[in-house]
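Novice: Take this structure, written in structure tokens, and hold onto it; I'll ask about it next.
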Amino acid sequence: MLRSRRPLRSGTLLLATLAACATSRPATIDPEKELAAAESQLAAGEAAACRDRLTTLTSELFPRRLRDRFDLLLARAHFAIGDTWQAFEITEKFPDRHPHSELRPIVVELDWELAQTMAKSGRGFLFFWSDRRAARTVLEHLITRHPDSPRLADALRLLGDLAFEDEDFTLAQERFRDLMRKRPDSEWVVYARFRFAMSIVAGLQGADYDQNQMQHGARELQAFLDGKPENPEFVDIASKALRELLDWQATRELQIADYYRTIGNAFGERRHLELCSSGQYFGTTANQLATERLAALPVPAAAEKR
């Protein structure tokens with residue numbers, strides 16, 4: 001009896017397994033009609049129904065010539081219902097899955113829309129995830145995998161702004177520098193030049209900081225202003241920042257002069273008082289003090305002999 005039951009039981013399990021597989025697999029489909037129906041759903045505002053329809057299928061059920069269209073449609077459906085990360089998981093793989101697809105420009109535009117939406121949403125949960133970090137990931141993908149895209153300048157501009165807002169001023173400088181170098185004819189170049197200079201300034205916190213960086217920031221601000229930018233707000237901000245930097249630089253020179261006076265180095269004191277009293281720092285408090293102190297110093301012996 002045992003021998004007779006085993007084959008019967010095995011056969012029953014096999015039939016049950018086959019039946020389950022048959023019900024879980026989609027019936028034979030007409031690829032063109034299926035995609036057209038899903039596209040109609042998305043166009044009619046039925047994004048969830050479109051998503052559900054496509055997720056019961058796989059792109060492998062479609063001929064190769066339609067798989068890029070399938071992936072793009074599924075990504076757009078996810079985006080339309082707010083599943084931005086799920087949409088990006090599809091577009092991220094698109095360049096590798098469909099390297100010669102004519103739909104690539106549309107996918108790049110979708111990546112840009114995803115990044116903008118994520119950057120603005122403010123959604124997140126503690127330090128585990130945030131749409132803001134996701135936006136940076138999408139943008140970095142865009143500039144890396146689609147460097148020839150018309151959206152390159154837009155992506156670099158937004159990456160620069162995000163870095164600036166996060167107080168990563170070194171990264172912000174890198175992004176804005178890349179924009180100016182890679183897209184010199186972009187409408188964002190003037191903005192990038194302004195933000196590049198301000199990123200240098202923002203990384204400084206007063207006269208005690210690196211004099212070279214202060215000089216670098218001052219040069220970039222002056223170059224921006226010399227370009228006669230049309231935005232009055234940018235001009236005002238840059239002008240105030242330049243005056244502040246010049247004040248810091250002059251103060252720094254005066255501090256160095258004070259140091260040399262403390263250790264009894266008359267030459268060093270005079271040299272830095274002369275630098276502080278130069279015309280580039282005219283109008284600063286330190287400039288006026290240095291000019292007065294320089295005038296009060298005794299004439300050097302070498303100068304008396306001449």
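Numbering starts fresh at 1 for the residues of each chain in the structure tokens, the chains themselves are lettered A, B, ... in the order given, and ligands are numbered from 1 as they appear.
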Which polymer residues have any atom within 10 Å of an atom of Leu273 (chain A), counting only C-alpha atoms, with same-chain residues fewer than 6 positions away left out, as a list in words?
Specialist: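 The contact residues come out as Ala250, Glu253, Leu254, Gln255, Ile256, Ala257, Asp258, Phe267, Ala286, Asn287, Leu289, Ala290, Thr291, Glu292, Arg293, Leu294 and Ala295 of chain A.
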Novice: Smallest atom-to-atom distance to Ala266 (chain A): which of A:Leu297, A:Val107, A:Leu245, A:Ala43, using only C-alpha atoms?
Specialist: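 Checking each of A:Leu297, A:Val107, A:Leu245, A:Ala43 against Ala266 (chain A), counting only C-alpha atoms, the winner is A:Leu297.
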Novice: Tell me, in Å to one decimal, how far CA of Asp154 (chain A) is from CA of Ala218 (chain A).
Specialist: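 Value for the CA of Asp154 (chain A)-CA of Ala218 (chain A) distance: 26.4 Å.
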Novice: In Å, rounded to a single decimal, give me how far CA of Val138 (chain A) is from CA of Leu61 (chain A).
Specialist: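 We find that CA of Leu61 (chain A) and CA of Val138 (chain A) lie 28.3 Å from each other.
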Novice: Choose the residue, out of A:Phe94, A:Trp248, A:Tyr191, A:Trp85, that has the smallest atom-to-atom separation from Arg69 (chain A); count only C-alpha atoms.
Specialist: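 Looking at the shortest contact to Arg69 (chain A), the residue is A:Phe94.
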Novice: Looking only at the backbone, which of the residues in region 211-241 of chain A does DSSP tag as helix (DSSP H, G or I), as an NGL selection string?
Specialist: :A and (211-226 or 232-241)
Novice: Based on the selection just made, write N, CA, C and O atoms of those residues as a JSON list (two decimals), in the first residue's frame.
Specialist:
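Written file, result37.json:
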[["chain", "number", "residue", "atom", "x", "y", "z"],
["A", 211, "GLN", "N", 44.76, 83.63, 4.88],
["A", 211, "GLN", "CA", 44.83, 84.85, 4.08],
["A", 211, "GLN", "C", 44.72, 84.54, 2.58],
["A", 211, "GLN", "O", 44.11, 85.28, 1.82],
["A", 212, "ASN", "N", 45.29, 83.42, 2.17],
["A", 212, "ASN", "CA", 45.22, 83.04, 0.76],
["A", 212, "ASN", "C", 43.78, 82.80, 0.32],
["A", 212, "ASN", "O", 43.38, 83.20, -0.79],
["A", 213, "GLN", "N", 43.00, 82.14, 1.16],
["A", 213, "GLN", "CA", 41.60, 81.90, 0.82],
["A", 213, "GLN", "C", 40.81, 83.20, 0.78],
["A", 213, "GLN", "O", 39.91, 83.37, -0.05],
["A", 214, "MET", "N", 41.15, 84.11, 1.70],
["A", 214, "MET", "CA", 40.46, 85.40, 1.69],
["A", 214, "MET", "C", 40.79, 86.15, 0.40],
["A", 214, "MET", "O", 39.91, 86.77, -0.21],
["A", 215, "GLN", "N", 42.03, 86.08, -0.02],
["A", 215, "GLN", "CA", 42.42, 86.74, -1.28],
["A", 215, "GLN", "C", 41.74, 86.07, -2.47],
["A", 215, "GLN", "O", 41.29, 86.76, -3.40],
["A", 216, "HIS", "N", 41.64, 84.76, -2.42],
["A", 216, "HIS", "CA", 40.95, 84.03, -3.49],
["A", 216, "HIS", "C", 39.49, 84.45, -3.58],
["A", 216, "HIS", "O", 38.98, 84.75, -4.66],
["A", 217, "GLY", "N", 38.83, 84.50, -2.43],
["A", 217, "GLY", "CA", 37.43, 84.93, -2.41],
["A", 217, "GLY", "C", 37.25, 86.34, -2.91],
["A", 217, "GLY", "O", 36.31, 86.62, -3.67],
["A", 218, "ALA", "N", 38.14, 87.22, -2.51],
["A", 218, "ALA", "CA", 38.06, 88.62, -2.95],
["A", 218, "ALA", "C", 38.23, 88.73, -4.46],
["A", 218, "ALA", "O", 37.54, 89.50, -5.13],
["A", 219, "ARG", "N", 39.18, 87.96, -5.01],
["A", 219, "ARG", "CA", 39.39, 87.98, -6.46],
["A", 219, "ARG", "C", 38.15, 87.49, -7.21],
["A", 219, "ARG", "O", 37.76, 88.07, -8.23],
["A", 220, "GLU", "N", 37.55, 86.42, -6.72],
["A", 220, "GLU", "CA", 36.37, 85.87, -7.39],
["A", 220, "GLU", "C", 35.19, 86.84, -7.30],
["A", 220, "GLU", "O", 34.44, 87.00, -8.27],
["A", 221, "LEU", "N", 35.02, 87.48, -6.16],
["A", 221, "LEU", "CA", 33.94, 88.45, -6.02],
["A", 221, "LEU", "C", 34.17, 89.65, -6.93],
["A", 221, "LEU", "O", 33.23, 90.15, -7.58],
["A", 222, "GLN", "N", 35.41, 90.11, -7.01],
["A", 222, "GLN", "CA", 35.72, 91.26, -7.86],
["A", 222, "GLN", "C", 35.50, 90.90, -9.33],
["A", 222, "GLN", "O", 34.97, 91.70, -10.12],
["A", 223, "ALA", "N", 35.89, 89.68, -9.71],
["A", 223, "ALA", "CA", 35.69, 89.23, -11.10],
["A", 223, "ALA", "C", 34.21, 89.16, -11.42],
["A", 223, "ALA", "O", 33.77, 89.52, -12.53],
["A", 224, "PHE", "N", 33.41, 88.69, -10.47],
["A", 224, "PHE", "CA", 31.96, 88.64, -10.68],
["A", 224, "PHE", "C", 31.40, 90.04, -10.87],
["A", 224, "PHE", "O", 30.62, 90.29, -11.80],
["A", 225, "LEU", "N", 31.79, 90.98, -10.03],
["A", 225, "LEU", "CA", 31.29, 92.35, -10.13],
["A", 225, "LEU", "C", 31.79, 93.04, -11.40],
["A", 225, "LEU", "O", 31.06, 93.83, -12.00],
["A", 226, "ASP", "N", 33.02, 92.73, -11.80],
["A", 226, "ASP", "CA", 33.57, 93.32, -13.03],
["A", 226, "ASP", "C", 32.78, 92.88, -14.27],
["A", 226, "ASP", "O", 32.81, 93.56, -15.30],
["A", 232, "PRO", "N", 20.42, 92.87, -9.39],
["A", 232, "PRO", "CA", 20.84, 93.83, -8.34],
["A", 232, "PRO", "C", 21.02, 93.18, -6.97],
["A", 232, "PRO", "O", 21.85, 93.62, -6.18],
["A", 233, "GLU", "N", 20.26, 92.13, -6.70],
["A", 233, "GLU", "CA", 20.40, 91.45, -5.42],
["A", 233, "GLU", "C", 21.76, 90.78, -5.32],
["A", 233, "GLU", "O", 22.44, 90.88, -4.28],
["A", 234, "PHE", "N", 22.18, 90.11, -6.39],
["A", 234, "PHE", "CA", 23.49, 89.47, -6.39],
["A", 234, "PHE", "C", 24.59, 90.51, -6.26],
["A", 234, "PHE", "O", 25.58, 90.30, -5.55],
["A", 235, "VAL", "N", 24.45, 91.64, -6.94],
["A", 235, "VAL", "CA", 25.45, 92.71, -6.89],
["A", 235, "VAL", "C", 25.58, 93.23, -5.46],
["A", 235, "VAL", "O", 26.69, 93.44, -4.96],
["A", 236, "ASP", "N", 24.45, 93.44, -4.82],
["A", 236, "ASP", "CA", 24.46, 93.95, -3.44],
["A", 236, "ASP", "C", 25.12, 92.97, -2.49],
["A", 236, "ASP", "O", 25.97, 93.35, -1.67],
["A", 237, "ILE", "N", 24.75, 91.70, -2.60],
["A", 237, "ILE", "CA", 25.32, 90.68, -1.71],
["A", 237, "ILE", "C", 26.82, 90.53, -1.95],
["A", 237, "ILE", "O", 27.62, 90.48, -1.00],
["A", 238, "ALA", "N", 27.22, 90.50, -3.22],
["A", 238, "ALA", "CA", 28.64, 90.34, -3.55],
["A", 238, "ALA", "C", 29.45, 91.55, -3.10],
["A", 238, "ALA", "O", 30.58, 91.40, -2.61],
["A", 239, "SER", "N", 28.89, 92.74, -3.25],
["A", 239, "SER", "CA", 29.60, 93.96, -2.84],
["A", 239, "SER", "C", 29.83, 93.98, -1.33],
["A", 239, "SER", "O", 30.92, 94.33, -0.86],
["A", 240, "LYS", "N", 28.80, 93.61, -0.59],
["A", 240, "LYS", "CA", 28.93, 93.58, 0.87],
["A", 240, "LYS", "C", 29.94, 92.51, 1.30],
["A", 240, "LYS", "O", 30.75, 92.73, 2.21],
["A", 241, "ALA", "N", 29.90, 91.36, 0.63],
["A", 241, "ALA", "CA", 30.83, 90.29, 0.97],
["A", 241, "ALA", "C", 32.27, 90.70, 0.66],
["A", 241, "ALA", "O", 33.20, 90.40, 1.42]]
Novice: List as a VMD selection string the protein and nucleic acid residues near Asp161 (chain A), meaning an atom at most 7 Å away when only C-alpha atoms are counted, but skip any in the same chain fewer than 4 places from it.
Specialist: chain A and resid 157 165 172
Novice: Suppose we keep C-alpha atoms; can you now write the selection as an mmCIF file, in the first residue's frame?
Specialist:
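Result written to out01.cif:
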data_model
loop_
_atom_site.group_PDB
_atom_site.id
_atom_site.type_symbol
_atom_site.label_atom_id
_atom_site.label_comp_id
_atom_site.auth_asym_id
_atom_site.auth_seq_id
_atom_site.Cartn_x
_atom_site.Cartn_y
_atom_site.Cartn_z
ATOM 1 C CA ARG A 157 23.419 74.024 -10.374
ATOM 2 C CA GLU A 165 22.661 74.620 1.940
ATOM 3 C CA ALA A 172 29.590 73.508 -3.658
#
Novice: So that I can check the surroundings of region 129-137 of chain A, please list as number ranges by chain every protein, DNA and RNA residue that reaches within 7 Å of it, counting only C-alpha atoms and ignoring chain neighbours fewer than 6 positions away.
Specialist: A: 115, 118-119, 121-123, 159
Novice: In Å to one decimal, how far is CA of Tyr259 (chain A) from CA of Val299 (chain A)?
Specialist: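 Answer for the CA of Val299 (chain A) to CA of Tyr259 (chain A) separation: 20.0 Å.
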Novice: Could you pull out the residues in region 66-247 of chain A that DSSP calls strand (DSSP E) from the backbone, as number ranges by chain?
Specialist: A: 124-125, 129-130
Novice: Please write the residues from the selection above to a file, keeping all heavy atoms, as a PDB file, in the first residue's frame.
Specialist:
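Once written, again-v3.pdb looks like this:
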ATOM      1  N   GLY A 124      11.432  62.424   4.836  1.00  0.00           N
ATOM      2  CA  GLY A 124      12.545  61.653   5.352  1.00  0.00           C
ATOM      3  C   GLY A 124      12.190  61.052   6.693  1.00  0.00           C
ATOM      4  O   GLY A 124      11.134  61.343   7.265  1.00  0.00           O
ATOM      5  N   PHE A 125      13.062  60.198   7.205  1.00  0.00           N
ATOM      6  CA  PHE A 125      12.856  59.592   8.514  1.00  0.00           C
ATOM      7  C   PHE A 125      14.189  59.532   9.245  1.00  0.00           C
ATOM      8  O   PHE A 125      15.075  58.751   8.890  1.00  0.00           O
ATOM      9  CB  PHE A 125      12.260  58.191   8.383  1.00  0.00           C
ATOM     10  CG  PHE A 125      12.015  57.525   9.717  1.00  0.00           C
ATOM     11  CD1 PHE A 125      11.030  57.990  10.567  1.00  0.00           C
ATOM     12  CD2 PHE A 125      12.791  56.444  10.116  1.00  0.00           C
ATOM     13  CE1 PHE A 125      10.811  57.385  11.795  1.00  0.00           C
ATOM     14  CE2 PHE A 125      12.587  55.835  11.336  1.00  0.00           C
ATOM     15  CZ  PHE A 125      11.583  56.303  12.187  1.00  0.00           C
ATOM     16  N   TRP A 129      16.730  57.720   5.984  1.00  0.00           N
ATOM     17  CA  TRP A 129      16.552  58.069   4.576  1.00  0.00           C
ATOM     18  C   TRP A 129      15.964  59.471   4.478  1.00  0.00           C
ATOM     19  O   TRP A 129      15.341  59.972   5.417  1.00  0.00           O
ATOM     20  CB  TRP A 129      15.633  57.070   3.864  1.00  0.00           C
ATOM     21  CG  TRP A 129      14.190  57.135   4.306  1.00  0.00           C
ATOM     22  CD1 TRP A 129      13.620  56.476   5.356  1.00  0.00           C
ATOM     23  CD2 TRP A 129      13.145  57.918   3.721  1.00  0.00           C
ATOM     24  NE1 TRP A 129      12.289  56.799   5.464  1.00  0.00           N
ATOM     25  CE2 TRP A 129      11.959  57.666   4.470  1.00  0.00           C
ATOM     26  CE3 TRP A 129      13.083  58.785   2.632  1.00  0.00           C
ATOM     27  CZ2 TRP A 129      10.737  58.271   4.164  1.00  0.00           C
ATOM     28  CZ3 TRP A 129      11.859  59.389   2.339  1.00  0.00           C
ATOM     29  CH2 TRP A 129      10.710  59.120   3.093  1.00  0.00           C
ATOM     30  N   SER A 130      16.182  60.086   3.357  1.00  0.00           N
ATOM     31  CA  SER A 130      15.569  61.390   3.089  1.00  0.00           C
ATOM     32  C   SER A 130      15.513  61.604   1.585  1.00  0.00           C
ATOM     33  O   SER A 130      16.390  61.146   0.846  1.00  0.00           O
ATOM     34  CB  SER A 130      16.364  62.529   3.751  1.00  0.00           C
ATOM     35  OG  SER A 130      17.548  62.804   3.031  1.00  0.00           O
TER      36      SER A 130
END
Novice: Need to verify the contact set: Pro31 (chain A), 10 Å, only C-alpha atoms, exclusion of same-chain residues closer than 3 positions in sequence. Can you return it as a PyMOL selection string?
Specialist: chain A and resi 28+34-37+59+61-63+66-67+70
Novice: Got a sec: who's within 9 Å of Glu92 (chain A), counting only C-alpha atoms, leaving out chain neighbours fewer than 2 positions off, as an mmCIF file with N, CA, C and O atoms, in the first residue's frame?
Specialist:
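So the final result, stored in part_35.cif, reads:
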data_model
loop_
_atom_site.group_PDB
_atom_site.id
_atom_site.type_symbol
_atom_site.label_atom_id
_atom_site.label_comp_id
_atom_site.auth_asym_id
_atom_site.auth_seq_id
_atom_site.Cartn_x
_atom_site.Cartn_y
_atom_site.Cartn_z
ATOM 1 N N ALA A 87 10.646 54.818 -9.023
ATOM 2 C CA ALA A 87 10.803 55.265 -10.407
ATOM 3 C C ALA A 87 12.280 55.371 -10.774
ATOM 4 O O ALA A 87 12.694 54.944 -11.861
ATOM 5 N N PHE A 88 13.088 55.903 -9.858
ATOM 6 C CA PHE A 88 14.512 56.044 -10.148
ATOM 7 C C PHE A 88 15.210 54.698 -10.249
ATOM 8 O O PHE A 88 16.147 54.535 -11.043
ATOM 9 N N GLU A 89 14.778 53.724 -9.466
ATOM 10 C CA GLU A 89 15.393 52.400 -9.550
ATOM 11 C C GLU A 89 15.258 51.809 -10.956
ATOM 12 O O GLU A 89 16.082 50.992 -11.372
ATOM 13 N N ILE A 90 14.232 52.244 -11.670
ATOM 14 C CA ILE A 90 14.049 51.793 -13.056
ATOM 15 C C ILE A 90 14.901 52.636 -14.005
ATOM 16 O O ILE A 90 15.635 52.102 -14.841
ATOM 17 N N PHE A 94 18.300 52.074 -16.825
ATOM 18 C CA PHE A 94 17.912 52.241 -18.223
ATOM 19 C C PHE A 94 19.114 52.335 -19.174
ATOM 20 O O PHE A 94 19.114 51.691 -20.232
ATOM 21 N N PRO A 95 20.168 53.113 -18.865
ATOM 22 C CA PRO A 95 21.298 53.222 -19.802
ATOM 23 C C PRO A 95 21.971 51.889 -20.095
ATOM 24 O O PRO A 95 22.462 51.664 -21.205
ATOM 25 N N ASP A 96 22.008 51.003 -19.086
ATOM 26 C CA ASP A 96 22.641 49.703 -19.292
ATOM 27 C C ASP A 96 21.705 48.713 -19.986
ATOM 28 O O ASP A 96 22.138 47.922 -20.823
ATOM 29 N N ASP A 111 14.485 61.805 -14.989
ATOM 30 C CA ASP A 111 15.439 61.870 -13.873
ATOM 31 C C ASP A 111 15.503 63.287 -13.295
ATOM 32 O O ASP A 111 15.552 63.470 -12.066
ATOM 33 N N VAL A 138 20.187 60.931 -7.499
ATOM 34 C CA VAL A 138 19.638 61.009 -8.857
ATOM 35 C C VAL A 138 20.448 61.988 -9.704
ATOM 36 O O VAL A 138 20.791 61.707 -10.857
ATOM 37 N N HIS A 141 23.808 60.612 -10.614
ATOM 38 C CA HIS A 141 23.614 59.638 -11.706
ATOM 39 C C HIS A 141 23.462 60.368 -13.037
ATOM 40 O O HIS A 141 24.058 59.963 -14.044
ATOM 41 N N LEU A 142 22.698 61.436 -13.032
ATOM 42 C CA LEU A 142 22.438 62.174 -14.272
ATOM 43 C C LEU A 142 23.728 62.746 -14.857
ATOM 44 O O LEU A 142 23.999 62.593 -16.046
ATOM 45 N N ARG A 145 26.108 59.494 -15.868
ATOM 46 C CA ARG A 145 25.685 58.602 -16.940
ATOM 47 C C ARG A 145 25.157 59.334 -18.170
ATOM 48 O O ARG A 145 25.037 58.746 -19.243
#
Novice: Which is closer to His146 (chain A) than all the others in A:Thr91, A:Thr262, A:Thr117, A:Thr56, using only C-alpha atoms?
Specialist: A:Thr91
